[in-house]
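J.: Contents of query.cif (mmCIF, C-alpha atoms):
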```cif
data_coords
#
loop_
_atom_site.group_PDB
_atom_site.id
_atom_site.type_symbol
_atom_site.label_atom_id
_atom_site.label_comp_id
_atom_site.auth_asym_id
_atom_site.auth_seq_id
_atom_site.Cartn_x
_atom_site.Cartn_y
_atom_site.Cartn_z
ATOM 1 C CA MET A 31 9.899 18.279 -5.805
ATOM 2 C CA ILE A 32 8.279 20.454 -8.454
ATOM 3 C CA SER A 33 10.728 21.870 -10.981
ATOM 4 C CA GLY A 34 10.149 24.976 -13.062
ATOM 5 C CA GLU A 35 10.083 22.993 -16.282
ATOM 6 C CA ALA A 36 6.820 22.207 -18.018
ATOM 7 C CA ILE A 37 5.693 18.615 -17.610
ATOM 8 C CA THR A 38 4.412 16.839 -20.676
ATOM 9 C CA LEU A 39 2.182 13.834 -20.230
ATOM 10 C CA GLU A 40 3.313 11.926 -23.275
ATOM 11 C CA LEU A 41 4.131 8.329 -23.989
ATOM 12 C CA GLY A 42 7.700 7.425 -23.153
ATOM 13 C CA GLN A 43 8.252 10.521 -21.046
ATOM 14 C CA PRO A 44 9.151 10.335 -17.340
ATOM 15 C CA PHE A 45 6.286 11.154 -14.995
ATOM 16 C CA PRO A 46 7.267 13.283 -11.973
ATOM 17 C CA ASP A 47 7.733 11.617 -8.610
ATOM 18 C CA LEU A 48 4.738 13.206 -6.890
ATOM 19 C CA ASP A 49 5.298 14.084 -3.232
ATOM 20 C CA LEU A 50 1.909 14.124 -1.549
ATOM 21 C CA PRO A 51 0.302 12.925 1.689
ATOM 22 C CA ASP A 52 -1.722 9.744 1.504
ATOM 23 C CA HIS A 53 -5.231 9.193 2.849
ATOM 24 C CA THR A 54 -3.814 8.803 6.370
ATOM 25 C CA GLY A 55 -1.829 12.022 6.088
ATOM 26 C CA ARG A 56 1.581 10.343 5.796
ATOM 27 C CA PRO A 57 3.975 11.932 3.303
ATOM 28 C CA ARG A 58 4.548 9.679 0.318
ATOM 29 C CA LEU A 59 6.485 9.615 -2.922
ATOM 30 C CA LEU A 60 4.856 8.116 -5.990
ATOM 31 C CA SER A 61 7.985 6.027 -6.589
ATOM 32 C CA GLU A 62 7.691 4.579 -3.087
ATOM 33 C CA VAL A 63 4.019 3.800 -3.589
ATOM 34 C CA ALA A 64 4.811 2.194 -6.956
ATOM 35 C CA GLY A 65 7.295 -0.054 -5.194
ATOM 36 C CA GLY A 66 8.893 -1.189 -8.438
ATOM 37 C CA ASP A 67 5.614 -2.375 -9.951
ATOM 38 C CA PRO A 68 3.485 -1.185 -12.900
ATOM 39 C CA VAL A 69 1.065 1.581 -11.882
ATOM 40 C CA ALA A 70 -2.415 2.739 -12.863
ATOM 41 C CA LEU A 71 -2.488 6.367 -11.737
ATOM 42 C CA VAL A 72 -5.961 7.893 -11.566
ATOM 43 C CA PHE A 73 -6.544 11.615 -11.179
ATOM 44 C CA PHE A 74 -10.155 12.204 -10.192
ATOM 45 C CA ARG A 75 -12.180 15.314 -9.421
ATOM 46 C CA GLY A 76 -13.300 14.449 -5.907
ATOM 47 C CA PHE A 77 -15.658 12.419 -3.792
ATOM 48 C CA TRP A 78 -18.594 14.673 -4.670
ATOM 49 C CA CYS A 79 -18.658 13.946 -8.411
ATOM 50 C CA PRO A 80 -21.150 11.238 -9.444
ATOM 51 C CA LYS A 81 -18.998 10.283 -12.428
ATOM 52 C CA GLU A 82 -16.039 9.734 -10.126
ATOM 53 C CA GLN A 83 -18.126 7.735 -7.679
ATOM 54 C CA ARG A 84 -19.106 5.450 -10.535
ATOM 55 C CA TYR A 85 -15.564 5.177 -11.846
ATOM 56 C CA MET A 86 -14.030 4.537 -8.443
ATOM 57 C CA ARG A 87 -16.506 1.726 -7.835
ATOM 58 C CA ALA A 88 -15.306 0.165 -11.080
ATOM 59 C CA LEU A 89 -11.697 0.482 -9.924
ATOM 60 C CA VAL A 90 -12.542 -1.182 -6.633
ATOM 61 C CA GLY A 91 -14.032 -4.000 -8.688
ATOM 62 C CA THR A 92 -10.636 -4.634 -10.267
ATOM 63 C CA GLN A 93 -8.481 -4.151 -7.177
ATOM 64 C CA GLU A 94 -8.518 -7.875 -6.469
ATOM 65 C CA GLU A 95 -6.741 -8.382 -9.783
ATOM 66 C CA PHE A 96 -4.129 -5.774 -8.884
ATOM 67 C CA GLU A 97 -3.726 -7.412 -5.474
ATOM 68 C CA VAL A 98 -2.480 -10.645 -6.970
ATOM 69 C CA ALA A 99 -0.735 -9.295 -10.076
ATOM 70 C CA TYR A 100 2.075 -7.200 -8.571
ATOM 71 C CA ALA A 101 0.622 -3.965 -9.951
ATOM 72 C CA ARG A 102 -0.427 -0.798 -8.168
ATOM 73 C CA LEU A 103 -3.510 1.380 -8.193
ATOM 74 C CA VAL A 104 -3.089 4.974 -7.031
ATOM 75 C CA ALA A 105 -5.822 7.644 -6.897
ATOM 76 C CA VAL A 106 -5.132 11.372 -6.638
ATOM 77 C CA SER A 107 -7.580 14.182 -5.911
ATOM 78 C CA VAL A 108 -7.809 17.569 -4.219
ATOM 79 C CA ASP A 109 -9.835 16.100 -1.361
ATOM 80 C CA SER A 110 -8.210 16.331 2.070
ATOM 81 C CA PRO A 111 -6.726 13.143 3.560
ATOM 82 C CA GLU A 112 -9.618 12.955 6.021
ATOM 83 C CA VAL A 113 -12.189 13.118 3.234
ATOM 84 C CA GLN A 114 -10.247 10.651 1.110
ATOM 85 C CA SER A 115 -10.007 8.239 4.019
ATOM 86 C CA ALA A 116 -13.768 8.309 4.493
ATOM 87 C CA PHE A 117 -14.425 7.998 0.733
ATOM 88 C CA ARG A 118 -11.938 5.134 0.491
ATOM 89 C CA ALA A 119 -13.530 3.292 3.407
ATOM 90 C CA GLY A 120 -16.997 3.768 1.948
ATOM 91 C CA LEU A 121 -15.856 2.346 -1.372
ATOM 92 C CA GLY A 122 -14.077 -0.582 0.247
ATOM 93 C CA ALA A 123 -10.847 0.414 -1.508
ATOM 94 C CA ARG A 124 -7.572 -1.152 -0.409
ATOM 95 C CA PHE A 125 -5.237 0.957 -2.551
ATOM 96 C CA VAL A 126 -3.626 4.255 -1.695
ATOM 97 C CA PHE A 127 -5.152 7.681 -2.209
ATOM 98 C CA LEU A 128 -2.888 10.723 -2.494
ATOM 99 C CA SER A 129 -4.176 14.124 -1.461
ATOM 100 C CA ASP A 130 -3.255 17.299 -3.312
ATOM 101 C CA ALA A 131 -5.506 19.526 -1.203
ATOM 102 C CA GLU A 132 -2.947 22.303 -1.576
ATOM 103 C CA ARG A 133 -3.181 21.936 -5.365
ATOM 104 C CA ARG A 134 0.597 21.958 -5.776
ATOM 105 C CA TRP A 135 0.744 19.583 -8.746
ATOM 106 C CA LEU A 136 -2.391 20.703 -10.581
ATOM 107 C CA GLU A 137 -0.883 23.380 -12.762
ATOM 108 C CA PRO A 138 2.586 21.864 -13.253
ATOM 109 C CA LEU A 139 0.861 18.765 -14.615
ATOM 110 C CA GLY A 140 -1.522 20.866 -16.699
ATOM 111 C CA LEU A 141 -4.487 19.017 -15.203
ATOM 112 C CA LEU A 142 -6.482 21.857 -13.655
ATOM 113 C CA GLU A 143 -10.137 21.660 -14.651
ATOM 114 C CA ALA A 144 -10.479 25.398 -15.023
ATOM 115 C CA GLU A 145 -14.191 25.256 -15.799
ATOM 116 C CA ASP A 146 -14.931 24.262 -12.201
ATOM 117 C CA THR A 147 -14.055 27.405 -10.300
ATOM 118 C CA VAL A 148 -15.661 26.110 -7.108
ATOM 119 C CA HIS A 149 -13.608 22.963 -6.496
ATOM 120 C CA GLN A 150 -10.609 23.663 -8.746
ATOM 121 C CA PRO A 151 -10.197 19.917 -9.169
ATOM 122 C CA TYR A 152 -8.049 17.662 -11.294
ATOM 123 C CA ARG A 153 -9.286 17.060 -14.809
ATOM 124 C CA PRO A 154 -10.169 13.343 -14.840
ATOM 125 C CA THR A 155 -7.115 11.632 -16.270
ATOM 126 C CA VAL A 156 -5.750 8.114 -16.097
ATOM 127 C CA LEU A 157 -2.136 7.211 -16.785
ATOM 128 C CA THR A 158 -0.502 3.845 -16.874
ATOM 129 C CA LEU A 159 3.153 3.907 -15.880
ATOM 130 C CA PHE A 160 6.127 1.625 -16.029
ATOM 131 C CA PRO A 161 7.723 0.832 -12.642
ATOM 132 C CA ASP A 162 10.257 3.643 -13.193
ATOM 133 C CA LEU A 163 7.298 6.031 -13.757
ATOM 134 C CA THR A 164 7.772 6.286 -17.514
ATOM 135 C CA VAL A 165 4.420 7.022 -19.151
ATOM 136 C CA HIS A 166 2.928 4.041 -20.984
ATOM 137 C CA ALA A 167 -0.486 5.517 -21.844
ATOM 138 C CA VAL A 168 -2.613 8.581 -21.100
ATOM 139 C CA TYR A 169 -6.423 8.633 -21.022
ATOM 140 C CA ARG A 170 -8.170 11.982 -20.944
ATOM 141 C CA GLY A 171 -11.309 11.400 -18.990
ATOM 142 C CA ASP A 172 -13.637 14.117 -20.197
ATOM 143 C CA TRP A 173 -17.309 13.212 -20.673
ATOM 144 C CA PHE A 174 -16.712 10.121 -18.544
ATOM 145 C CA TRP A 175 -16.090 7.941 -21.585
ATOM 146 C CA GLY A 176 -12.550 9.233 -21.968
ATOM 147 C CA ARG A 177 -11.384 7.433 -18.850
ATOM 148 C CA ALA A 178 -9.553 4.138 -19.210
ATOM 149 C CA THR A 179 -11.931 1.222 -19.148
ATOM 150 C CA MET A 180 -11.082 -1.639 -16.837
ATOM 151 C CA GLU A 181 -10.257 -3.701 -19.908
ATOM 152 C CA GLU A 182 -7.835 -1.044 -21.120
ATOM 153 C CA LEU A 183 -6.161 -1.066 -17.711
ATOM 154 C CA ARG A 184 -5.823 -4.836 -17.919
ATOM 155 C CA GLN A 185 -4.319 -4.595 -21.395
ATOM 156 C CA ASP A 186 -1.858 -1.920 -20.253
ATOM 157 C CA MET A 187 -0.835 -3.848 -17.144
ATOM 158 C CA ARG A 188 -0.328 -6.909 -19.334
ATOM 159 C CA ALA A 189 1.861 -4.983 -21.792
ATOM 160 C CA ILE A 190 3.949 -3.318 -19.069
ATOM 161 C CA THR A 191 4.354 -6.546 -17.140
ATOM 162 C CA HIS A 192 5.486 -8.381 -20.260
ATOM 163 C CA ALA A 193 7.988 -5.604 -20.899
ATOM 164 C CA VAL A 194 9.531 -5.510 -17.411
ATOM 165 C CA ARG A 195 9.239 -9.021 -16.009
ATOM 166 C CA GLU A 196 11.100 -12.099 -17.021
ATOM 167 C CA GLY A 197 9.217 -15.176 -18.114
ATOM 168 C CA MET B 605 23.761 -8.329 -4.524
ATOM 169 C CA ALA B 606 20.141 -7.780 -3.492
ATOM 170 C CA ALA B 607 19.380 -6.997 0.150
ATOM 171 C CA PRO B 608 17.894 -9.925 2.068
ATOM 172 C CA SER B 609 14.112 -9.838 2.015
ATOM 173 C CA PHE B 610 13.705 -10.903 5.631
ATOM 174 C CA ARG B 611 15.398 -10.708 9.017
ATOM 175 C CA TRP B 612 15.315 -13.467 11.615
ATOM 176 C CA LEU B 613 13.516 -12.625 14.829
ATOM 177 C CA TRP B 614 13.038 -14.695 17.986
ATOM 178 C CA PHE B 615 9.928 -14.675 20.204
ATOM 179 C CA ASP B 616 9.599 -16.589 23.494
ATOM 180 C CA GLY B 617 6.151 -15.345 24.441
ATOM 181 C CA GLU B 618 7.406 -12.376 26.447
ATOM 182 C CA HIS B 619 10.298 -10.880 24.525
ATOM 183 C CA LEU B 620 11.250 -10.187 20.936
ATOM 184 C CA SER B 621 14.924 -10.425 20.038
ATOM 185 C CA LEU B 622 17.257 -10.234 17.052
ATOM 186 C CA ASP B 623 19.898 -12.231 18.941
ATOM 187 C CA PRO B 624 20.427 -15.719 17.487
ATOM 188 C CA GLU B 625 21.238 -16.890 21.012
ATOM 189 C CA ALA B 626 17.858 -15.757 22.324
ATOM 190 C CA ARG B 627 15.253 -18.210 23.527
ATOM 191 C CA GLY B 628 12.064 -18.826 21.614
ATOM 192 C CA ARG B 629 10.798 -19.617 18.164
ATOM 193 C CA ARG B 630 12.459 -18.149 15.078
ATOM 194 C CA PHE B 631 10.486 -16.140 12.506
ATOM 195 C CA GLY B 632 11.375 -14.209 9.346
ATOM 196 C CA ALA B 633 10.251 -10.554 9.438
ATOM 197 C CA ASP B 634 10.312 -7.573 7.069
ATOM 198 C CA PRO B 635 13.914 -6.305 7.455
ATOM 199 C CA ARG B 636 13.188 -2.610 6.905
ATOM 200 C CA PRO B 637 12.078 -1.726 10.483
ATOM 201 C CA PHE B 638 15.497 -2.854 11.728
ATOM 202 C CA GLU B 639 17.395 -0.669 9.269
ATOM 203 C CA VAL B 640 16.166 2.661 10.676
ATOM 204 C CA GLU B 641 16.232 4.375 14.073
ATOM 205 C CA PRO B 642 14.084 2.299 16.458
ATOM 206 C CA VAL B 643 11.091 3.767 18.243
ATOM 207 C CA ARG B 644 11.857 3.355 21.947
ATOM 208 C CA GLY B 645 9.152 2.037 24.253
ATOM 209 C CA ALA B 646 6.833 0.943 21.461
ATOM 210 C CA TRP B 647 4.253 -1.799 21.814
ATOM 211 C CA ALA B 648 4.197 -4.884 19.655
ATOM 212 C CA HIS B 649 1.146 -7.043 19.103
ATOM 213 C CA VAL B 650 2.659 -10.417 18.304
ATOM 214 C CA CYS B 651 0.110 -12.764 16.790
ATOM 215 C CA ALA B 652 2.174 -15.950 16.804
ATOM 216 C CA VAL B 653 2.564 -19.102 18.841
ATOM 217 C CA PRO B 654 6.016 -19.097 20.436
ATOM 218 C CA ASP B 655 6.280 -22.719 21.504
ATOM 219 C CA ASP B 656 4.554 -24.833 18.888
ATOM 220 C CA GLU B 657 6.362 -25.544 15.620
ATOM 221 C CA SER B 658 3.166 -27.007 14.181
ATOM 222 C CA ALA B 659 1.449 -23.594 14.360
ATOM 223 C CA ARG B 660 1.907 -22.745 10.698
ATOM 224 C CA ILE B 661 -0.346 -22.071 7.702
ATOM 225 C CA PRO B 662 0.516 -21.970 3.986
ATOM 226 C CA TYR B 663 0.863 -18.272 3.147
ATOM 227 C CA ASP B 664 -1.652 -18.352 0.319
ATOM 228 C CA GLN B 665 -4.544 -19.701 2.347
ATOM 229 C CA PRO B 666 -7.644 -17.484 1.944
ATOM 230 C CA GLU B 667 -7.775 -16.522 5.626
ATOM 231 C CA ILE B 668 -4.288 -15.037 5.418
ATOM 232 C CA GLN B 669 -5.099 -13.169 2.217
ATOM 233 C CA LEU B 670 -8.182 -11.766 3.964
ATOM 234 C CA ALA B 671 -6.137 -10.605 6.952
ATOM 235 C CA ARG B 672 -3.690 -8.834 4.633
ATOM 236 C CA ALA B 673 -6.575 -7.211 2.763
ATOM 237 C CA ASP B 674 -8.110 -6.098 6.069
ATOM 238 C CA ALA B 675 -4.778 -4.600 7.087
ATOM 239 C CA LEU B 676 -4.788 -2.463 3.944
ATOM 240 C CA ALA B 677 -8.468 -1.594 4.109
ATOM 241 C CA TRP B 678 -8.936 -0.557 7.730
ATOM 242 C CA TRP B 679 -6.315 -1.819 10.202
ATOM 243 C CA ILE B 680 -3.562 0.561 9.092
ATOM 244 C CA PRO B 681 -5.925 3.574 8.805
ATOM 245 C CA LEU B 682 -7.404 2.710 12.215
ATOM 246 C CA LEU B 683 -3.986 2.881 13.862
ATOM 247 C CA GLY B 684 -3.229 6.211 12.191
ATOM 248 C CA ASP B 685 -0.159 8.014 13.504
ATOM 249 C CA SER B 686 0.279 5.413 16.232
ATOM 250 C CA LEU B 687 1.488 2.824 13.721
ATOM 251 C CA VAL B 688 5.226 2.189 13.682
ATOM 252 C CA CYS B 689 5.316 -0.776 11.324
ATOM 253 C CA LEU B 690 3.647 -4.027 10.437
ATOM 254 C CA THR B 691 5.067 -7.316 9.227
ATOM 255 C CA THR B 692 3.876 -10.815 8.717
ATOM 256 C CA LEU B 693 6.164 -13.590 9.953
ATOM 257 C CA SER B 694 7.454 -16.350 7.746
ATOM 258 C CA LEU B 695 8.739 -19.742 8.835
ATOM 259 C CA ASP B 696 10.134 -20.619 5.412
ATOM 260 C CA SER B 697 9.368 -19.619 1.847
ATOM 261 C CA VAL B 698 5.825 -20.983 1.932
ATOM 262 C CA HIS B 699 4.597 -20.987 5.544
ATOM 263 C CA TYR B 700 3.043 -18.189 7.575
ATOM 264 C CA GLY B 701 3.852 -18.206 11.290
ATOM 265 C CA GLY B 702 2.154 -15.008 12.450
ATOM 266 C CA ALA B 703 2.272 -11.225 12.292
ATOM 267 C CA ILE B 704 3.494 -8.300 14.333
ATOM 268 C CA THR B 705 1.948 -4.863 14.470
ATOM 269 C CA VAL B 706 4.055 -2.256 16.273
ATOM 270 C CA ALA B 707 2.426 0.927 17.567
ATOM 271 C CA ARG B 708 3.114 3.778 19.950
ATOM 272 C CA ASP B 709 0.171 2.741 22.083
ATOM 273 C CA PRO B 710 -1.604 -0.612 22.387
ATOM 274 C CA ASP B 711 -5.167 0.640 22.737
ATOM 275 C CA ARG B 712 -6.490 -0.733 19.458
ATOM 276 C CA PHE B 713 -4.680 -4.062 19.392
ATOM 277 C CA ARG B 714 -7.838 -5.954 20.234
ATOM 278 C CA ALA B 715 -9.041 -5.227 16.679
ATOM 279 C CA ASP B 716 -5.940 -6.732 15.015
ATOM 280 C CA PRO B 717 -7.159 -8.815 12.018
ATOM 281 C CA PHE B 718 -4.096 -11.076 12.301
ATOM 282 C CA ALA B 719 -5.285 -12.218 15.746
ATOM 283 C CA ARG B 720 -7.929 -14.248 13.905
ATOM 284 C CA LEU B 721 -5.111 -16.537 12.758
ATOM 285 C CA PHE B 722 -2.941 -16.867 15.851
ATOM 286 C CA PRO B 723 -3.640 -15.270 19.248
ATOM 287 C CA GLY B 724 -1.993 -11.944 20.004
ATOM 288 C CA ARG B 725 0.289 -11.015 22.896
ATOM 289 C CA VAL B 726 1.307 -7.465 23.764
ATOM 290 C CA VAL B 727 5.005 -6.882 24.496
ATOM 291 C CA ARG B 728 7.141 -3.765 24.890
ATOM 292 C CA THR B 729 9.908 -3.430 22.332
ATOM 293 C CA ASP B 730 12.751 -1.138 21.316
ATOM 294 C CA LEU B 731 13.614 -3.053 18.157
ATOM 295 C CA PHE B 732 11.408 -1.575 15.455
ATOM 296 C CA GLY B 733 11.778 1.652 13.549
ATOM 297 C CA GLU B 734 9.075 3.409 11.572
ATOM 298 C CA VAL B 735 8.596 2.472 7.929
ATOM 299 C CA PRO B 736 5.801 3.590 5.604
ATOM 300 C CA PRO B 737 2.920 1.138 5.675
ATOM 301 C CA PRO B 738 2.212 -0.838 2.499
ATOM 302 C CA PRO B 739 0.178 1.296 0.089
ATOM 303 C CA GLY B 740 -1.747 -1.600 -1.411
ATOM 304 C CA PRO B 741 -3.444 -3.124 -3.171
ATOM 305 C CA VAL B 742 -0.724 -5.758 -3.670
ATOM 306 C CA LEU B 743 -1.017 -8.492 -1.093
ATOM 307 C CA GLU B 744 0.859 -11.202 -2.923
ATOM 308 C CA ARG B 745 4.346 -11.802 -1.563
ATOM 309 C CA TYR B 746 7.517 -11.079 -3.468
ATOM 310 C CA ALA B 747 9.683 -14.184 -3.958
ATOM 311 C CA GLY B 748 8.721 -15.754 -0.645
ATOM 312 C CA ALA B 749 9.432 -12.672 1.483
ATOM 313 C CA PRO B 750 7.181 -12.005 4.496
ATOM 314 C CA TRP B 751 4.546 -9.497 3.325
ATOM 315 C CA PRO B 752 4.881 -6.515 2.953
ATOM 316 C CA ALA B 753 8.643 -6.938 2.502
ATOM 317 C CA GLY B 754 10.312 -7.307 -0.847
ATOM 318 C CA THR B 755 9.943 -5.896 -4.329
ATOM 319 C CA PHE B 756 10.475 -6.725 -7.965
ATOM 320 C CA GLY B 757 11.988 -3.267 -8.429
ATOM 321 C CA GLY B 758 15.597 -2.880 -9.395
#
```
How does this structure look as structure tokens?
T.:
Amino acid sequence: MISGEAITLELGQPFPDLDLPDHTGRPRLLSEVAGGDPVALVFFRGFWCPKEQRYMRALVGTQEEFEVAYARLVAVSVDSPEVQSAFRAGLGARFVFLSDAERRWLEPLGLLEAEDTVHQPYRPTVLTLFPDLTVHAVYRGDWFWGRATMEELRQDMRAITHAVREG
Amino acid sequence: MAAPSFRWLWFDGEHLSLDPEARGRRFGADPRPFEVEPVRGAWAHVCAVPDDESARIPYDQPEIQLARADALAWWIPLLGDSLVCLTTLSLDSVHYGGAITVARDPDRFRADPFARLFPGRVVRTDLFGEVPPPPGPVLERYAGAPWPAGTFGG
């Protein structure tokens, strides 16, 4: 549920429990999708952006590590569930996509890419979250290079896992 | 005390039952579908051998990992709104005994990736309620629970 309070994407702050449909159209909560595991949360513009196509292919290249490491990958865009489902299948992704086609969370999160008045997409942003959705790191993805590299995701998942798991 | 990460289920080749007195082979299933209102008249595709205790595979064999990955990649999206729930079936903490996909109609069961491991049989069932499908990409099991059951979350 979106509150009237401004949301700050800062380290140590709680990230909101997004309520959005997934790529099959089922309603989901981010906390449910996280399932008590560390999360890499990726806001991307949409299927049409060549930078995002490149970045999503890189994410798919690391999904096998997430599969065995009790960590979650979640991608959010303004694409409809139908479009996301097709994009996901084309990529060979096995993680969940969340659709904000109604653009409900764009402005509360402060992630509207206002320069693109055609698509009104999310500004490319990657967050790594603790299992309780506390923000561990924020990567502003402008100019492509601002996005989290796969190595940075590995380092963040390592740090979060060390912090929350025994042993 | 943590909730149990599986629920015993019996399958005799024709019927699924939660009754310990029921006939058939015993399997551990994801407990969540039995904790919500069941979907009446659903169809279950049971990919398990009901009368052969030797029909078992270590859970971490590559072919089982591939079936779980296929479930996340295309089996769950293919079923769409028809899907009620999906669970693998454990025999103990390390052995896979099969899988059950429950849907509102059985039309797509012939594509079930778990049927590559043990043959599937279609049975009517009133036991299973709807639970959200696993979001992926995690396909490791949590503390020996039958995938996708369990969590490390508090």
J.: What would the selection look like, as a PyMOL selection string, if the PyMOL selection byres ((chain A) within 7 of (chain B)) were run on the coordinates I just shared?
T.: chain A and resi 54+63+65-67+93+96-98+100-103+122-126
J.: I'd like the contact shell of Ala167 of chain A - 7 Å cut-off, only C-alpha atoms, skipping same-chain residues fewer than 5 positions apart - returned as a list in words.
T.: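 Neighbouring residues, sequence-local ones excluded: Leu41, Leu157 and Thr158 of chain A.
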J.: On this structure, which residues satisfy the PyMOL selection byres ((chain B and resi 644) around 12), written as number ranges by chain?
T.: B: 641-643, 645-648, 688, 706-709, 728-734
J.: List the residues sitting within 12 Å of (6.3, -24.8, 14.8) in the file's frame, using all atoms listed in the file, as a PyMOL selection string.
T.: chain B and resi 628-631+652-661+694-696+699-702
J.: Just want the 12 Å neighbourhood of Arg184 of chain A, counted on only C-alpha atoms, with same-chain residues fewer than 2 positions away dropped. Output as number ranges by chain.
T.: A: 68-70, 89, 92-93, 95-96, 99, 101-103, 158, 178-182, 186-191
J.: Excluding segment 141-149 of chain A and residues on its chain fewer than 2 positions from it, collect all residues at most 12 Å away from it, counting only C-alpha atoms, and give them as a ChimeraX atom specification.
T.: /A:37-39,72-79,106-109,130-139,151-156,170-172
J.: Take the residues from that selection and put them in a file with C-alpha atoms, as a short mmCIF file (atom, residue, chain, number, x, y, z; two decimals), in the coordinates of the input.
T.:
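Produced file out.cif, reproduced below:
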```cif
data_model
loop_
_atom_site.label_atom_id
_atom_site.label_comp_id
_atom_site.auth_asym_id
_atom_site.auth_seq_id
_atom_site.Cartn_x
_atom_site.Cartn_y
_atom_site.Cartn_z
CA ILE A 37 5.69 18.61 -17.61
CA THR A 38 4.41 16.84 -20.68
CA LEU A 39 2.18 13.83 -20.23
CA VAL A 72 -5.96 7.89 -11.57
CA PHE A 73 -6.54 11.62 -11.18
CA PHE A 74 -10.15 12.20 -10.19
CA ARG A 75 -12.18 15.31 -9.42
CA GLY A 76 -13.30 14.45 -5.91
CA PHE A 77 -15.66 12.42 -3.79
CA TRP A 78 -18.59 14.67 -4.67
CA CYS A 79 -18.66 13.95 -8.41
CA VAL A 106 -5.13 11.37 -6.64
CA SER A 107 -7.58 14.18 -5.91
CA VAL A 108 -7.81 17.57 -4.22
CA ASP A 109 -9.84 16.10 -1.36
CA ASP A 130 -3.26 17.30 -3.31
CA ALA A 131 -5.51 19.53 -1.20
CA GLU A 132 -2.95 22.30 -1.58
CA ARG A 133 -3.18 21.94 -5.36
CA ARG A 134 0.60 21.96 -5.78
CA TRP A 135 0.74 19.58 -8.75
CA LEU A 136 -2.39 20.70 -10.58
CA GLU A 137 -0.88 23.38 -12.76
CA PRO A 138 2.59 21.86 -13.25
CA LEU A 139 0.86 18.76 -14.62
CA PRO A 151 -10.20 19.92 -9.17
CA TYR A 152 -8.05 17.66 -11.29
CA ARG A 153 -9.29 17.06 -14.81
CA PRO A 154 -10.17 13.34 -14.84
CA THR A 155 -7.12 11.63 -16.27
CA VAL A 156 -5.75 8.11 -16.10
CA ARG A 170 -8.17 11.98 -20.94
CA GLY A 171 -11.31 11.40 -18.99
CA ASP A 172 -13.64 14.12 -20.20
#
```
J.: Around the point (8.3, 5.2, -15.4) in the file's coordinates, collect all residues with an atom within 10 Å, using only C-alpha atoms, and return them as number ranges by chain.
T.: A: 42-47, 61, 64, 66-69, 158-166
J.: Using Å and a single decimal, report how far atom CA of Glu62 of chain A sits from atom CA of Trp614 of chain B.
T.: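 Pair atom CA of Trp614 of chain B / atom CA of Glu62 of chain A returns 29.1 Å.
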J.: Mind giving me the straight-line distance from atom CA of Gly176 of chain A to atom CA of Arg87 of chain A in Å, one decimal?
T.: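 Atom CA of Gly176 of chain A sits 16.5 Å away from atom CA of Arg87 of chain A.
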J.: Please evaluate the PyMOL selection byres ((chain A and resi 112) around 10) against the structure above and give the resulting residues as a list of chain:residue names.
T.: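 So the PyMOL selection byres ((chain A and resi 112) around 10) ends up selecting A:Asp52, A:His53, A:Thr54, A:Gly55, A:Asp109, A:Ser110, A:Pro111, A:Val113, A:Gln114, A:Ser115, A:Ala116, A:Phe117, A:Arg118, A:Ser129.
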J.: Kindly save the residues from that selection, with C-alpha atoms included, as a compact mmCIF listing (two decimals), in the frame of the given file.
T.:
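Below is the file out31.txt, written as the result:
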```txt
# COMPACT_ATOMS: atom_id res chain seq x y z
CA ASP A 52 -1.72 9.74 1.50
CA HIS A 53 -5.23 9.19 2.85
CA THR A 54 -3.81 8.80 6.37
CA GLY A 55 -1.83 12.02 6.09
CA ASP A 109 -9.84 16.10 -1.36
CA SER A 110 -8.21 16.33 2.07
CA PRO A 111 -6.73 13.14 3.56
CA VAL A 113 -12.19 13.12 3.23
CA GLN A 114 -10.25 10.65 1.11
CA SER A 115 -10.01 8.24 4.02
CA ALA A 116 -13.77 8.31 4.49
CA PHE A 117 -14.42 8.00 0.73
CA ARG A 118 -11.94 5.13 0.49
CA SER A 129 -4.18 14.12 -1.46
```
J.: Could you jot down the atom CA of Arg56 of chain A to atom CA of Pro635 of chain B separation for me, Å, one decimal place?
T.: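 That distance, rounded to one decimal, is 20.8 Å.
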